[in-house]
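Novice: Contents of final_13.txt (compact mmCIF, C-alpha atoms) are below:
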# COMPACT_ATOMS: atom_id res chain seq x y z
CA MET A 27 -46.80 143.89 67.06
CA ARG A 28 -47.23 143.76 63.28
CA LYS A 29 -43.64 145.00 62.80
CA LEU A 30 -42.33 142.32 65.18
CA LEU A 31 -44.19 139.55 63.34
CA LEU A 32 -42.84 140.86 60.01
CA THR A 33 -39.28 140.82 61.34
CA LEU A 34 -39.58 137.25 62.62
CA TRP A 35 -40.99 136.13 59.29
CA MET A 36 -38.13 137.70 57.36
CA CYS A 37 -35.52 136.04 59.62
CA SER A 38 -37.15 132.63 59.31
CA ALA A 39 -37.31 133.01 55.55
CA ALA A 40 -33.60 133.91 55.42
CA VAL A 41 -32.68 130.83 57.45
CA CYS A 42 -34.78 128.60 55.25
CA PHE A 43 -33.44 130.02 52.01
CA GLY A 44 -29.83 130.99 53.12
CA ARG A 45 -26.90 129.55 51.21
CA TRP A 46 -23.77 127.93 52.59
CA TYR A 47 -20.31 128.98 51.42
CA PHE A 48 -16.85 127.53 51.80
CA GLU A 49 -13.55 129.34 51.27
CA ALA A 50 -9.89 128.38 51.33
CA GLY A 51 -6.66 130.19 50.63
CA PRO A 52 -3.33 131.49 51.94
CA TRP A 53 -3.22 133.66 55.00
CA MET A 54 -0.54 135.88 56.47
CA ARG A 55 -0.03 138.09 59.51
CA SER A 56 2.70 140.66 60.15
CA ASP A 57 3.78 143.23 62.77
CA MET A 58 3.73 140.68 65.57
CA GLU A 59 6.39 140.99 68.26
CA MET A 60 8.48 138.88 70.62
CA LYS A 61 10.35 140.37 73.59
CA VAL A 62 12.96 138.54 75.65
CA ASN A 63 14.11 139.42 79.15
CA ASP A 64 16.70 136.85 80.08
CA GLY A 65 19.18 136.27 82.88
CA SER A 66 22.32 134.16 83.13
CA ARG A 67 22.68 130.59 84.39
CA ALA A 68 26.32 131.31 85.20
CA ALA A 69 25.35 134.25 87.41
CA GLU A 70 22.50 132.32 89.06
CA GLN A 71 24.83 129.48 90.02
CA GLY A 72 27.64 131.80 91.09
CA VAL A 73 30.16 130.33 88.68
CA ARG A 74 33.52 132.06 88.81
CA ALA A 75 36.11 132.13 86.09
CA ALA A 76 38.80 132.12 88.77
CA VAL A 77 38.90 131.75 92.53
CA PRO A 78 39.62 135.08 94.22
CA GLY A 79 42.26 135.16 96.90
CA THR A 80 45.99 134.90 97.41
CA ARG A 81 48.29 132.04 96.50
CA GLY A 82 51.72 132.07 98.10
CA GLY A 83 52.94 134.42 100.82
CA ARG A 84 55.20 137.24 101.80
CA ALA A 85 58.85 136.65 102.61
CA SER A 86 59.56 136.24 106.32
CA ILE A 87 62.38 134.85 108.37
CA PRO A 88 63.06 134.42 112.11
CA ALA A 89 66.06 135.93 113.80
CA PRO A 90 69.12 133.97 112.66
CA ALA A 91 70.75 131.77 115.28
CA ALA A 92 74.39 131.96 116.35
CA GLU A 93 76.69 130.13 113.99
CA ASP A 94 77.80 127.62 116.66
CA ASP A 95 77.10 126.71 120.27
CA GLY A 96 80.62 127.52 121.50
CA THR A 97 81.61 123.96 122.50
CA ALA A 98 84.05 123.32 119.67
CA GLN A 99 87.74 124.10 120.22
CA VAL A 100 88.22 125.98 116.96
CA LEU A 101 89.37 129.34 115.64
CA ARG A 102 86.51 131.84 115.78
CA GLN A 103 86.67 135.03 113.79
CA PHE A 104 84.62 137.93 115.15
CA ASP A 105 83.72 141.39 113.95
CA ASN A 106 86.09 142.86 116.52
CA GLY A 107 88.70 140.18 117.08
CA TYR A 108 89.43 136.47 117.15
CA VAL A 109 90.10 133.55 119.54
CA GLY A 110 91.67 130.26 118.53
CA PRO A 111 93.15 127.18 120.24
CA SER A 112 96.75 127.32 121.38
CA ALA A 113 99.39 125.35 119.54
CA TRP A 114 100.53 123.98 122.88
CA ALA A 115 98.98 120.59 123.69
CA TRP A 116 98.93 121.17 127.45
CA ALA A 117 97.04 124.47 126.93
CA GLN A 118 94.47 122.78 124.73
CA THR A 119 94.00 120.19 127.47
CA LEU A 120 93.36 122.92 130.02
CA GLY A 121 91.06 124.81 127.56
CA ILE A 122 93.14 127.96 127.54
CA SER A 123 94.91 129.88 124.80
CA GLN A 124 97.20 132.84 124.25
CA TYR A 125 96.09 132.99 120.59
CA PHE A 126 93.58 135.87 120.56
CA GLY A 127 93.19 139.50 119.62
CA TYR A 128 90.65 142.25 120.25
CA ASP A 129 90.06 145.78 118.94
CA SER A 130 88.43 147.94 121.58
CA ALA A 131 88.87 148.58 125.27
CA SER A 132 85.09 148.41 125.70
CA GLN A 133 85.30 144.67 125.07
CA TYR A 134 87.22 144.08 128.30
CA ASP A 135 85.41 143.96 131.65
CA ALA A 136 88.13 143.85 134.30
CA ALA A 137 85.68 143.57 137.17
CA ALA A 138 84.08 140.50 135.67
CA SER A 139 87.32 139.19 134.21
CA THR A 140 85.73 138.75 130.78
CA LEU A 141 86.55 139.65 127.25
CA ALA A 142 83.57 139.97 124.85
CA PHE A 143 83.55 139.58 121.09
CA THR A 144 80.76 140.33 118.60
CA ARG A 145 79.71 138.28 115.60
CA SER A 146 76.75 139.02 113.34
CA ALA A 147 74.56 136.30 111.82
CA SER A 148 72.39 137.07 108.80
CA ALA A 149 69.71 135.34 106.72
CA SER A 150 67.45 136.27 103.80
CA ASP A 151 64.33 134.95 102.07
CA THR A 152 62.53 135.64 98.77
CA GLN A 153 58.90 134.70 98.12
CA ARG A 154 56.25 135.30 95.46
CA ARG A 155 52.51 135.59 95.92
CA THR A 156 49.74 136.00 93.36
CA VAL A 157 46.62 137.97 94.22
CA THR A 158 43.51 137.09 92.16
CA GLN A 159 40.67 139.62 91.96
CA VAL A 160 37.32 138.84 90.29
CA SER A 161 34.78 141.55 89.46
CA SER A 162 31.40 140.86 87.87
CA GLY A 163 28.94 143.02 85.98
CA SER A 164 25.17 142.87 86.16
CA ALA A 165 23.57 139.75 84.70
CA GLY A 166 20.93 139.57 82.00
CA TRP A 167 20.09 140.75 78.51
CA THR A 168 17.03 141.90 76.58
CA GLY A 169 15.98 141.72 72.96
CA SER A 170 13.00 142.00 70.66
CA ARG A 171 12.03 140.82 67.21
CA ASP A 172 9.24 141.72 64.78
CA LEU A 173 7.50 138.60 63.57
CA ASP A 174 5.77 137.63 60.34
CA ALA A 175 4.04 134.38 59.55
CA SER A 176 2.08 132.74 56.77
CA GLY A 177 -0.33 129.87 56.70
CA PHE A 178 -3.69 128.71 55.46
CA LEU A 179 -7.26 129.78 56.24
CA ILE A 180 -10.53 127.95 55.58
CA THR A 181 -13.99 129.38 56.12
CA LEU A 182 -17.39 127.76 56.43
CA GLY A 183 -20.42 130.03 56.72
CA ARG A 184 -24.06 130.56 55.89
CA MET A 185 -25.89 133.65 54.77
CA LEU A 186 -28.84 134.23 57.04
CA MET A 187 -30.16 137.44 55.48
CA SER A 188 -30.21 138.42 51.83
CA GLU A 189 -31.51 141.54 50.16
CA SER A 190 -30.85 143.01 46.78
CA ARG A 191 -27.68 144.84 47.76
CA PHE A 192 -26.88 143.39 51.18
CA ASP A 193 -26.21 139.95 52.64
CA ALA A 194 -25.42 138.98 56.24
CA GLY A 195 -24.47 135.69 57.83
CA LEU A 196 -22.39 133.81 60.35
CA GLN A 197 -19.18 131.92 59.74
CA VAL A 198 -16.53 129.78 61.36
CA GLN A 199 -12.90 130.09 60.27
CA LEU A 200 -9.99 127.81 61.01
CA GLY A 201 -6.51 129.11 60.36
CA TRP A 202 -2.96 127.90 60.75
CA LEU A 203 0.06 130.21 61.03
CA ASP A 204 3.42 128.54 60.63
CA GLY A 205 6.99 129.74 60.95
CA ILE A 206 6.62 132.34 63.70
CA GLU A 207 10.34 132.29 64.42
CA ALA A 208 12.88 134.47 66.20
CA SER A 209 16.56 133.97 66.90
CA PHE A 210 18.86 135.78 69.32
CA HIS A 211 22.49 134.83 68.90
CA ASN A 212 25.70 135.71 70.70
CA ARG A 213 24.00 137.83 73.37
CA THR A 214 26.23 138.73 76.30
CA ALA A 215 24.44 137.74 79.50
CA TRP A 216 27.25 138.22 82.04
CA GLU A 217 30.85 139.35 82.25
CA GLN A 218 33.64 138.77 84.69
CA GLN A 219 36.98 140.52 84.77
CA VAL A 220 39.84 138.65 86.40
CA LYS A 221 43.04 140.40 87.48
CA TRP A 222 46.16 138.55 88.55
CA THR A 223 48.98 140.49 90.23
CA THR A 224 52.19 138.71 91.22
CA TYR A 225 54.31 140.30 93.92
CA GLU A 226 57.89 139.42 94.83
CA SER A 227 59.00 140.17 98.39
CA GLN A 228 62.47 139.99 99.87
CA VAL A 229 63.47 140.11 103.51
CA SER A 230 66.91 140.10 105.13
CA ARG A 231 67.67 140.00 108.84
CA ALA A 232 70.88 140.37 110.83
CA GLN A 233 71.37 139.54 114.52
CA SER A 234 74.50 140.24 116.57
CA TYR A 235 75.74 137.83 119.27
CA ASN A 236 78.21 138.51 122.10
CA TYR A 237 80.69 135.70 122.78
CA VAL A 238 82.00 136.09 126.32
CA TYR A 239 85.42 134.62 127.23
CA ASP A 240 86.85 134.21 130.73
CA THR A 241 90.19 136.00 131.17
CA LEU A 242 91.03 133.72 134.12
CA GLY A 243 91.37 136.66 136.57
CA ALA A 244 94.46 137.98 134.89
CA PRO A 245 94.61 141.35 133.14
CA VAL A 246 94.89 141.44 129.36
CA PRO A 247 97.03 143.81 127.31
CA ALA A 248 95.44 147.12 126.39
CA ALA A 249 93.50 147.33 123.12
CA PRO A 250 94.16 146.99 120.39
CA TYR A 251 95.93 143.73 121.00
CA SER A 252 96.71 140.81 118.70
CA MET A 253 98.63 137.57 119.19
CA THR A 254 99.19 136.23 115.70
CA ASP A 255 101.22 133.16 116.59
CA PRO A 256 99.34 130.19 118.11
CA GLY A 257 102.65 129.03 119.57
CA GLY A 258 103.75 132.42 120.87
CA VAL A 259 104.04 133.51 124.49
CA GLY A 260 101.38 135.82 125.92
CA PRO A 261 98.55 136.19 128.43
CA MET A 262 96.06 133.35 128.54
CA ILE A 263 92.24 133.35 128.28
CA ALA A 264 89.70 130.53 127.85
CA ASP A 265 89.76 129.15 124.32
CA ARG A 266 85.96 128.62 124.25
CA PRO A 267 83.23 131.12 125.19
CA SER A 268 81.60 130.77 128.57
CA ALA A 269 78.40 132.37 127.22
CA ILE A 270 76.82 133.41 123.93
CA VAL A 271 74.34 136.27 124.43
CA PRO A 272 72.16 137.94 121.72
CA GLY A 273 73.22 141.51 121.25
CA ALA A 274 71.07 144.59 121.05
CA GLY A 275 71.83 145.07 117.40
CA SER A 276 69.16 143.50 115.18
CA GLU A 277 68.45 144.73 111.66
CA GLU A 278 65.67 143.76 109.26
CA SER A 279 64.88 145.03 105.78
CA PHE A 280 61.78 144.21 103.72
CA SER A 281 60.87 145.09 100.13
CA GLU A 282 58.06 144.09 97.79
CA ARG A 283 57.30 144.88 94.16
CA ALA A 284 54.83 143.80 91.50
CA VAL A 285 56.61 141.68 88.94
CA ARG A 286 53.61 140.66 86.78
CA ARG A 287 50.12 141.91 86.01
CA GLN A 288 47.56 140.12 83.86
CA THR A 289 43.91 140.81 83.05
CA ALA A 290 41.41 138.57 81.27
CA MET A 291 37.68 138.69 80.53
CA ALA A 292 35.24 135.83 80.73
CA ARG A 293 31.83 136.24 79.12
CA SER A 294 28.63 134.27 79.25
CA ARG A 295 26.98 134.31 75.83
CA VAL A 296 23.49 133.11 74.98
CA ASP A 297 21.95 131.72 71.80
CA MET A 298 18.17 131.48 71.89
CA ASP A 299 15.77 130.24 69.21
CA ALA A 300 11.99 130.41 69.40
CA GLU A 301 9.47 128.79 67.07
CA ILE A 302 5.70 129.16 67.42
CA ASP A 303 2.83 127.70 65.44
CA ALA A 304 -0.67 129.07 65.93
CA LEU A 305 -4.01 127.34 65.37
CA VAL A 306 -6.74 129.99 65.18
CA LEU A 307 -10.50 129.45 65.48
CA VAL A 308 -12.73 132.42 64.52
CA PHE A 309 -16.48 132.80 64.98
CA GLY A 310 -18.40 135.88 63.89
CA PRO A 311 -20.58 137.63 61.33
CA ARG A 312 -19.93 138.55 57.72
CA MET A 313 -21.68 141.32 55.80
CA ILE A 314 -21.61 141.71 52.03
CA PHE A 315 -22.48 144.81 50.01
CA ARG A 316 -23.26 144.55 46.29
CA PRO A 317 -22.38 147.75 44.39
CA ALA A 318 -22.33 145.76 41.11
CA ASP A 319 -23.52 142.41 39.83
CA ARG A 320 -20.19 140.59 40.15
CA LEU A 321 -18.19 142.88 42.46
CA LEU A 322 -18.91 142.67 46.18
CA PHE A 323 -17.47 144.32 49.28
CA LEU A 324 -17.26 142.27 52.46
CA VAL A 325 -16.77 143.17 56.09
CA GLN A 326 -16.23 140.53 58.75
CA CYS A 327 -15.28 140.34 62.39
CA GLY A 328 -15.26 137.80 65.15
CA ALA A 329 -13.89 136.45 68.38
CA THR A 330 -10.85 134.21 68.13
CA LEU A 331 -9.47 131.35 70.15
CA ASN A 332 -5.75 130.86 69.54
CA LEU A 333 -3.74 127.76 70.40
CA LEU A 334 -0.02 128.48 70.52
CA ASP A 335 2.40 125.59 70.16
CA ALA A 336 5.74 127.08 71.21
CA SER A 337 9.22 125.61 71.28
CA PHE A 338 12.21 127.37 72.84
CA SER A 339 15.86 126.34 72.86
CA ARG A 340 18.58 128.14 74.79
CA THR A 341 22.33 127.60 75.02
CA GLU A 342 24.61 129.53 77.34
CA THR A 343 28.38 129.26 77.24
CA PHE A 344 30.64 130.81 79.85
CA ALA A 345 34.11 131.07 78.33
CA TRP A 346 37.33 133.06 78.26
CA GLU A 347 37.98 135.50 75.44
CA ASP A 348 40.31 133.00 73.77
CA GLY A 349 37.49 130.45 73.53
CA ARG A 350 38.33 128.18 76.45
CA VAL A 351 35.00 127.04 77.86
CA ILE A 352 34.48 127.28 81.60
CA GLN A 353 30.94 125.85 81.71
CA SER A 354 27.92 125.59 79.43
CA TRP A 355 24.18 124.96 79.73
CA SER A 356 21.53 123.81 77.23
CA ASP A 357 17.78 124.03 77.77
CA ARG A 358 14.78 123.23 75.64
CA ARG A 359 11.14 123.86 76.50
CA ASP A 360 7.90 123.07 74.69
CA ARG A 361 4.75 124.92 75.73
CA GLN A 362 1.13 125.16 74.64
CA GLN A 363 -1.16 128.05 75.52
CA TRP A 364 -4.75 129.06 74.69
CA LEU A 365 -5.31 132.79 74.13
CA TRP A 366 -8.38 134.87 73.40
CA GLY A 367 -8.51 137.43 70.66
CA ALA A 368 -10.62 139.30 68.14
CA GLY A 369 -10.31 140.39 64.57
CA VAL A 370 -11.86 142.60 61.90
CA SER A 371 -11.20 142.76 58.17
CA ALA A 372 -12.62 144.04 54.92
CA GLY A 373 -12.18 142.89 51.37
CA ILE A 374 -13.37 142.49 47.81
CA GLN A 375 -15.15 139.51 46.34
CA TYR A 376 -15.52 138.79 42.63
CA ASP A 377 -18.13 136.34 41.39
CA VAL A 378 -16.84 134.13 38.61
CA ASN A 379 -20.29 132.58 38.29
CA GLU A 380 -23.25 131.96 40.52
CA SER A 381 -21.34 129.43 42.68
CA LEU A 382 -17.66 130.22 42.32
CA TYR A 383 -15.94 133.43 43.46
CA LEU A 384 -12.54 134.88 44.27
CA PHE A 385 -11.76 137.09 47.24
CA VAL A 386 -9.03 139.12 48.93
CA SER A 387 -9.22 140.77 52.35
CA ALA A 388 -7.08 142.57 54.91
CA GLY A 389 -7.55 143.63 58.48
CA TYR A 390 -6.22 143.51 62.00
CA ASP A 391 -6.16 140.69 64.53
CA TRP A 392 -5.76 141.31 68.23
CA VAL A 393 -4.48 138.50 70.46
CA GLU A 394 -3.84 138.81 74.18
CA SER A 395 -0.11 138.80 74.91
CA HIS A 396 1.44 136.01 76.93
CA GLU A 397 4.72 135.55 78.79
CA PHE A 398 6.41 132.18 78.64
CA LYS A 399 8.77 131.42 81.52
CA PHE A 400 11.50 128.89 82.04
CA GLY A 401 14.35 129.41 84.44
CA SER A 402 15.37 133.05 84.39
CA SER A 403 14.04 133.49 80.83
CA ARG A 404 10.95 135.61 80.22
CA ILE A 405 9.62 135.54 76.65
CA GLU A 406 6.65 137.77 75.90
CA VAL A 407 4.75 136.99 72.72
CA ASP A 408 2.30 139.42 71.15
CA LEU A 409 0.65 137.91 68.07
CA SER A 410 -1.51 140.94 67.34
CA GLY A 411 -0.90 142.29 63.87
CA VAL A 412 -2.03 143.14 60.39
CA GLN A 413 -3.41 140.17 58.49
CA ALA A 414 -4.32 139.49 54.88
CA SER A 415 -5.89 136.56 53.07
CA ALA A 416 -6.94 135.58 49.56
CA GLY A 417 -8.47 132.55 47.98
CA VAL A 418 -11.36 130.95 46.23
CA GLY A 419 -14.86 130.32 47.52
CA ILE A 420 -17.86 128.29 46.52
CA ARG A 421 -21.55 128.67 47.36
CA PHE A 422 -23.73 125.61 47.76
Go ahead and render the structure in this file as structure tokens.
Specialist:
Amino acid sequence: MRKLLLTLWMCSAAVCFGRWYFEAGPWMRSDMEMKVNDGSRAAEQGVRAAVPGTRGGRASIPAPAAEDDGTAQVLRQFDNGYVGPSAWAWAQTLGISQYFGYDSASQYDAAASTLAFTRSASASDTQRRTVTQVSSGSAGWTGSRDLDASGFLITLGRMLMSESRFDAGLQVQLGWLDGIEASFHNRTAWEQQVKWTTYESQVSRAQSYNYVYDTLGAPVPAAPYSMTDPGGVGPMIADRPSAIVPGAGSEESFSERAVRRQTAMARSRVDMDAEIDALVLVFGPRMIFRPADRLLFLVQCGATLNLLDASFSRTETFAWEDGRVIQSWSDRRDRQQWLWGAGVSAGIQYDVNESLYLFVSAGYDWVESHEFKFGSSRIEVDLSGVQASAGVGIRF
């Protein structure tokens, strides 16, 4: 009981006779870190540098039609003969002619009293088509920066215990760290490769037609036979076909080749800037050791409350390699966040006189990390680091 009463008396005496002190000076902190895990607006929105697919088509053509319908009273040249109108007016009126020729006996059907001729019709077509292929890589990028900052620190405290070589007290510190900045420029967030291939196709098609002529029941001279004079005398056949029938012979050829190939890259690049200011409130004890009259060693620690005022700007540009912009996005976010922390430091204090002194200290501050989010961007800030301060103090 006597020891307890003595302890209470000493504490009350220290409070009654303790001295206040006030300090101010520059403050810095280093070895802080910012990490960025970012995506791509272009990828999120599915923007494409080019539309995949095919423009144009392959060459194609239907079977060519017969060159005429057989109603005209004209000279017709065939692959295996010819038939033309007679020079005699009365024969033209009757629709018969002796002006014809044929090459093969197989053309004559005596039973049907017909003479058949063959003519081939042909057609061709050329077309071009362009095939566009778009391939994309994975989206996103990461980065990190070490951060340093400087600012100002003020301290207000009171010594609650004083002995010959040892003092102890409580203090409140208010600090400001400015210029916590990081920049990430020209970061590739997404890539697309576009391939264009142009093909040229050609198609040609031939169709044979059989022109059937009535021989009027009369036999025709044996093949090969040719009447070269429209006014000459010879056997008569109809001067116009009684039927035009597609033949069995149909030929088609198709070819295609690549005539042009082109490849281009489109990239989405990001510029990001971050700026953070920190207001720090510290509450904790300070202990002072006096190895000499004017030279003192100090040790201090405390819990911290940190207010972060953060500003982030982000620009993303999706463009071709030659600089042509496809689409761009700009974002800016301002955020504030309270974070808990703790710190410990040690230093040296030199008494100029009984009231005025100089000091320098260094230590480590721990601050809980925090992740800022906006859109696909994730920015983790860790403000823990080595800190140092110096300045002037006054006792009153």
Novice: In Å to one decimal, how far is CA of Val306 in chain A from CA of Asp204 in chain A?
Specialist: 11.2 Å
Novice: Closest to Ser161 in chain A among A:Thr214, A:Ser387, A:Gln219, A:Thr289, using all atoms listed in the file?
Specialist: A:Gln219
Novice: I want to know what sits within 9 Å of Ser294 in chain A, based on all atoms listed in the file, with residues of the same chain fewer than 5 positions away left out; could you give that as a list of chain:residue names?
Specialist: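 In the requested format, the answer is A:Ser66, A:Arg67, A:Ala68, A:Ala69, A:Arg213, A:Thr214, A:Ala215, A:Trp216, A:Glu217, A:Gln218, A:Glu342, A:Thr343, A:Phe344, A:Ala345, A:Trp346, A:Ser354.
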Novice: Do you know which residues are at most 10 Å from range 140-144 of chain A counting all atoms listed in the file, after dropping those on the same chain fewer than 2 positions away, and could you put them as an mmCIF file with C-alpha atoms, in the coordinates of the input?
Specialist:
data_model
loop_
_atom_site.group_PDB
_atom_site.id
_atom_site.type_symbol
_atom_site.label_atom_id
_atom_site.label_comp_id
_atom_site.auth_asym_id
_atom_site.auth_seq_id
_atom_site.Cartn_x
_atom_site.Cartn_y
_atom_site.Cartn_z
ATOM 1 C CA ARG A 102 86.510 131.840 115.780
ATOM 2 C CA GLN A 103 86.670 135.030 113.790
ATOM 3 C CA PHE A 104 84.620 137.930 115.150
ATOM 4 C CA ASP A 105 83.720 141.390 113.950
ATOM 5 C CA ASN A 106 86.090 142.860 116.520
ATOM 6 C CA GLY A 107 88.700 140.180 117.080
ATOM 7 C CA TYR A 108 89.430 136.470 117.150
ATOM 8 C CA VAL A 109 90.100 133.550 119.540
ATOM 9 C CA GLY A 127 93.190 139.500 119.620
ATOM 10 C CA TYR A 128 90.650 142.250 120.250
ATOM 11 C CA ASP A 129 90.060 145.780 118.940
ATOM 12 C CA SER A 130 88.430 147.940 121.580
ATOM 13 C CA ALA A 131 88.870 148.580 125.270
ATOM 14 C CA SER A 132 85.090 148.410 125.700
ATOM 15 C CA GLN A 133 85.300 144.670 125.070
ATOM 16 C CA TYR A 134 87.220 144.080 128.300
ATOM 17 C CA ASP A 135 85.410 143.960 131.650
ATOM 18 C CA ALA A 136 88.130 143.850 134.300
ATOM 19 C CA ALA A 137 85.680 143.570 137.170
ATOM 20 C CA ALA A 138 84.080 140.500 135.670
ATOM 21 C CA SER A 146 76.750 139.020 113.340
ATOM 22 C CA SER A 234 74.500 140.240 116.570
ATOM 23 C CA TYR A 235 75.740 137.830 119.270
ATOM 24 C CA ASN A 236 78.210 138.510 122.100
ATOM 25 C CA TYR A 237 80.690 135.700 122.780
ATOM 26 C CA VAL A 238 82.000 136.090 126.320
ATOM 27 C CA TYR A 239 85.420 134.620 127.230
ATOM 28 C CA ASP A 240 86.850 134.210 130.730
ATOM 29 C CA THR A 241 90.190 136.000 131.170
ATOM 30 C CA LEU A 242 91.030 133.720 134.120
ATOM 31 C CA GLY A 243 91.370 136.660 136.570
ATOM 32 C CA ALA A 244 94.460 137.980 134.890
ATOM 33 C CA PRO A 245 94.610 141.350 133.140
ATOM 34 C CA VAL A 246 94.890 141.440 129.360
ATOM 35 C CA ILE A 263 92.240 133.350 128.280
ATOM 36 C CA ALA A 264 89.700 130.530 127.850
ATOM 37 C CA PRO A 267 83.230 131.120 125.190
ATOM 38 C CA SER A 268 81.600 130.770 128.570
ATOM 39 C CA ALA A 269 78.400 132.370 127.220
ATOM 40 C CA ILE A 270 76.820 133.410 123.930
ATOM 41 C CA VAL A 271 74.340 136.270 124.430
ATOM 42 C CA PRO A 272 72.160 137.940 121.720
ATOM 43 C CA GLY A 273 73.220 141.510 121.250
#
Novice: Mind checking which residues fall within 12 Å of Val412 in chain A, counting all atoms listed in the file, ignoring those fewer than 4 positions away in the same chain, and posting them as JSON, numbers by chain?
Specialist: {"A": [53, 54, 55, 56, 57, 58, 59, 173, 174, 175, 176, 369, 370, 371, 372, 387, 388, 389, 390, 391, 392, 393]}
Novice: Excluding Val378 in chain A and residues on its chain fewer than 4 positions from it, collect all residues at most 10 Å away from it, counting all atoms listed in the file, and give them as a PyMOL selection string.
Specialist: chain A and resi 320-321+382-384+418-420
Novice: My list of candidates is A:Leu101, A:Ile206, A:Val157, A:Val296. Which is closest to Pro78 in chain A when distances are computed with only C-alpha atoms?
Specialist: A:Val157
Novice: Where does range 131-193 of chain A meet range 397-404 of chain A within 10 Å, residue by residue, with the nearest atom pair and distance in Å to one decimal for each, counting only C-alpha atoms, listed by chain and rising number, as CSV?
Specialist:
residue,atom,partner,partner_atom,distance
A:Gly166,CA,A:Ser402,CA,8.9
A:Trp167,CA,A:Ser403,CA,9.7
A:Thr168,CA,A:Arg404,CA,9.5
Novice: What lies within 12 Å of range 360-366 of chain A using all atoms listed in the file, ignoring chain neighbours under 6 positions off, as an NGL selection string?
Specialist: :A and (299-309 or 328-340 or 391-400 or 405 or 407-410)
Novice: Go through A:Arg316, A:Asp64, A:Asp193, A:Val220 and flag the residue nearest Thr341 in chain A, using all atoms listed in the file for the distances.
Specialist: A:Asp64
Novice: For CA of Gly201 in chain A and CA of Met313 in chain A, quote the distance in Å rounded to one decimal.
Specialist: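 Pair CA of Gly201 in chain A / CA of Met313 in chain A returns 20.0 Å.
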Novice: Under the rule that only C-alpha atoms are counted, which of A:Arg191, A:Arg283, A:Arg358, A:Arg154 is the nearest residue to Ser86 in chain A?
Specialist: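 Distance minimum relative to Ser86 in chain A lands on A:Arg154.
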Novice: CA of Arg312 in chain A and CA of Arg184 in chain A, how far apart in Å?
Specialist: 9.2 Å
Novice: Restricting the calculation to all atoms listed in the file, which member of A:Gly72, A:Gly417, A:Pro88, A:Gly373 is positioned closest to Leu324 in chain A?
Specialist: A:Gly373
Novice: Please output range 43-56 of chain A, rebuilt to include N, CA and C atoms, as a PDB file, in the frame of the given file.
Specialist:
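Output file result23.pdb is given in full below:
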ATOM      1  N   PHE A  43     -33.926 129.894  53.389  1.00  0.00           N
ATOM      2  CA  PHE A  43     -33.440 130.020  52.010  1.00  0.00           C
ATOM      3  C   PHE A  43     -31.964 130.439  51.947  1.00  0.00           C
ATOM      4  N   GLY A  44     -31.229 130.580  53.123  1.00  0.00           N
ATOM      5  CA  GLY A  44     -29.830 130.990  53.120  1.00  0.00           C
ATOM      6  C   GLY A  44     -28.956 129.945  52.426  1.00  0.00           C
ATOM      7  N   ARG A  45     -27.837 130.415  51.901  1.00  0.00           N
ATOM      8  CA  ARG A  45     -26.900 129.550  51.210  1.00  0.00           C
ATOM      9  C   ARG A  45     -25.618 129.399  52.007  1.00  0.00           C
ATOM     10  N   TRP A  46     -25.054 128.214  51.965  1.00  0.00           N
ATOM     11  CA  TRP A  46     -23.770 127.930  52.590  1.00  0.00           C
ATOM     12  C   TRP A  46     -22.653 128.369  51.658  1.00  0.00           C
ATOM     13  N   TYR A  47     -21.485 128.674  52.233  1.00  0.00           N
ATOM     14  CA  TYR A  47     -20.310 128.980  51.420  1.00  0.00           C
ATOM     15  C   TYR A  47     -19.070 128.414  52.131  1.00  0.00           C
ATOM     16  N   PHE A  48     -18.110 128.082  51.293  1.00  0.00           N
ATOM     17  CA  PHE A  48     -16.850 127.530  51.800  1.00  0.00           C
ATOM     18  C   PHE A  48     -15.711 128.213  51.057  1.00  0.00           C
ATOM     19  N   GLU A  49     -14.686 128.633  51.848  1.00  0.00           N
ATOM     20  CA  GLU A  49     -13.550 129.340  51.270  1.00  0.00           C
ATOM     21  C   GLU A  49     -12.242 128.721  51.759  1.00  0.00           C
ATOM     22  N   ALA A  50     -11.219 128.854  50.936  1.00  0.00           N
ATOM     23  CA  ALA A  50      -9.890 128.380  51.330  1.00  0.00           C
ATOM     24  C   ALA A  50      -8.844 129.201  50.584  1.00  0.00           C
ATOM     25  N   GLY A  51      -7.726 129.433  51.272  1.00  0.00           N
ATOM     26  CA  GLY A  51      -6.660 130.190  50.630  1.00  0.00           C
ATOM     27  C   GLY A  51      -5.544 130.538  51.592  1.00  0.00           C
ATOM     28  N   PRO A  52      -4.467 131.103  51.089  1.00  0.00           N
ATOM     29  CA  PRO A  52      -3.330 131.490  51.940  1.00  0.00           C
ATOM     30  C   PRO A  52      -3.694 132.648  52.865  1.00  0.00           C
ATOM     31  N   TRP A  53      -2.943 132.669  53.962  1.00  0.00           N
ATOM     32  CA  TRP A  53      -3.220 133.660  55.000  1.00  0.00           C
ATOM     33  C   TRP A  53      -1.888 134.113  55.583  1.00  0.00           C
ATOM     34  N   MET A  54      -1.781 135.387  55.880  1.00  0.00           N
ATOM     35  CA  MET A  54      -0.540 135.880  56.470  1.00  0.00           C
ATOM     36  C   MET A  54      -0.851 136.934  57.533  1.00  0.00           C
ATOM     37  N   ARG A  55       0.107 137.066  58.461  1.00  0.00           N
ATOM     38  CA  ARG A  55      -0.030 138.090  59.510  1.00  0.00           C
ATOM     39  C   ARG A  55       1.362 138.662  59.773  1.00  0.00           C
ATOM     40  N   SER A  56       1.426 139.981  59.923  1.00  0.00           N
ATOM     41  CA  SER A  56       2.700 140.660  60.150  1.00  0.00           C
ATOM     42  C   SER A  56       2.575 141.632  61.331  1.00  0.00           C
TER      43      SER A  56
END
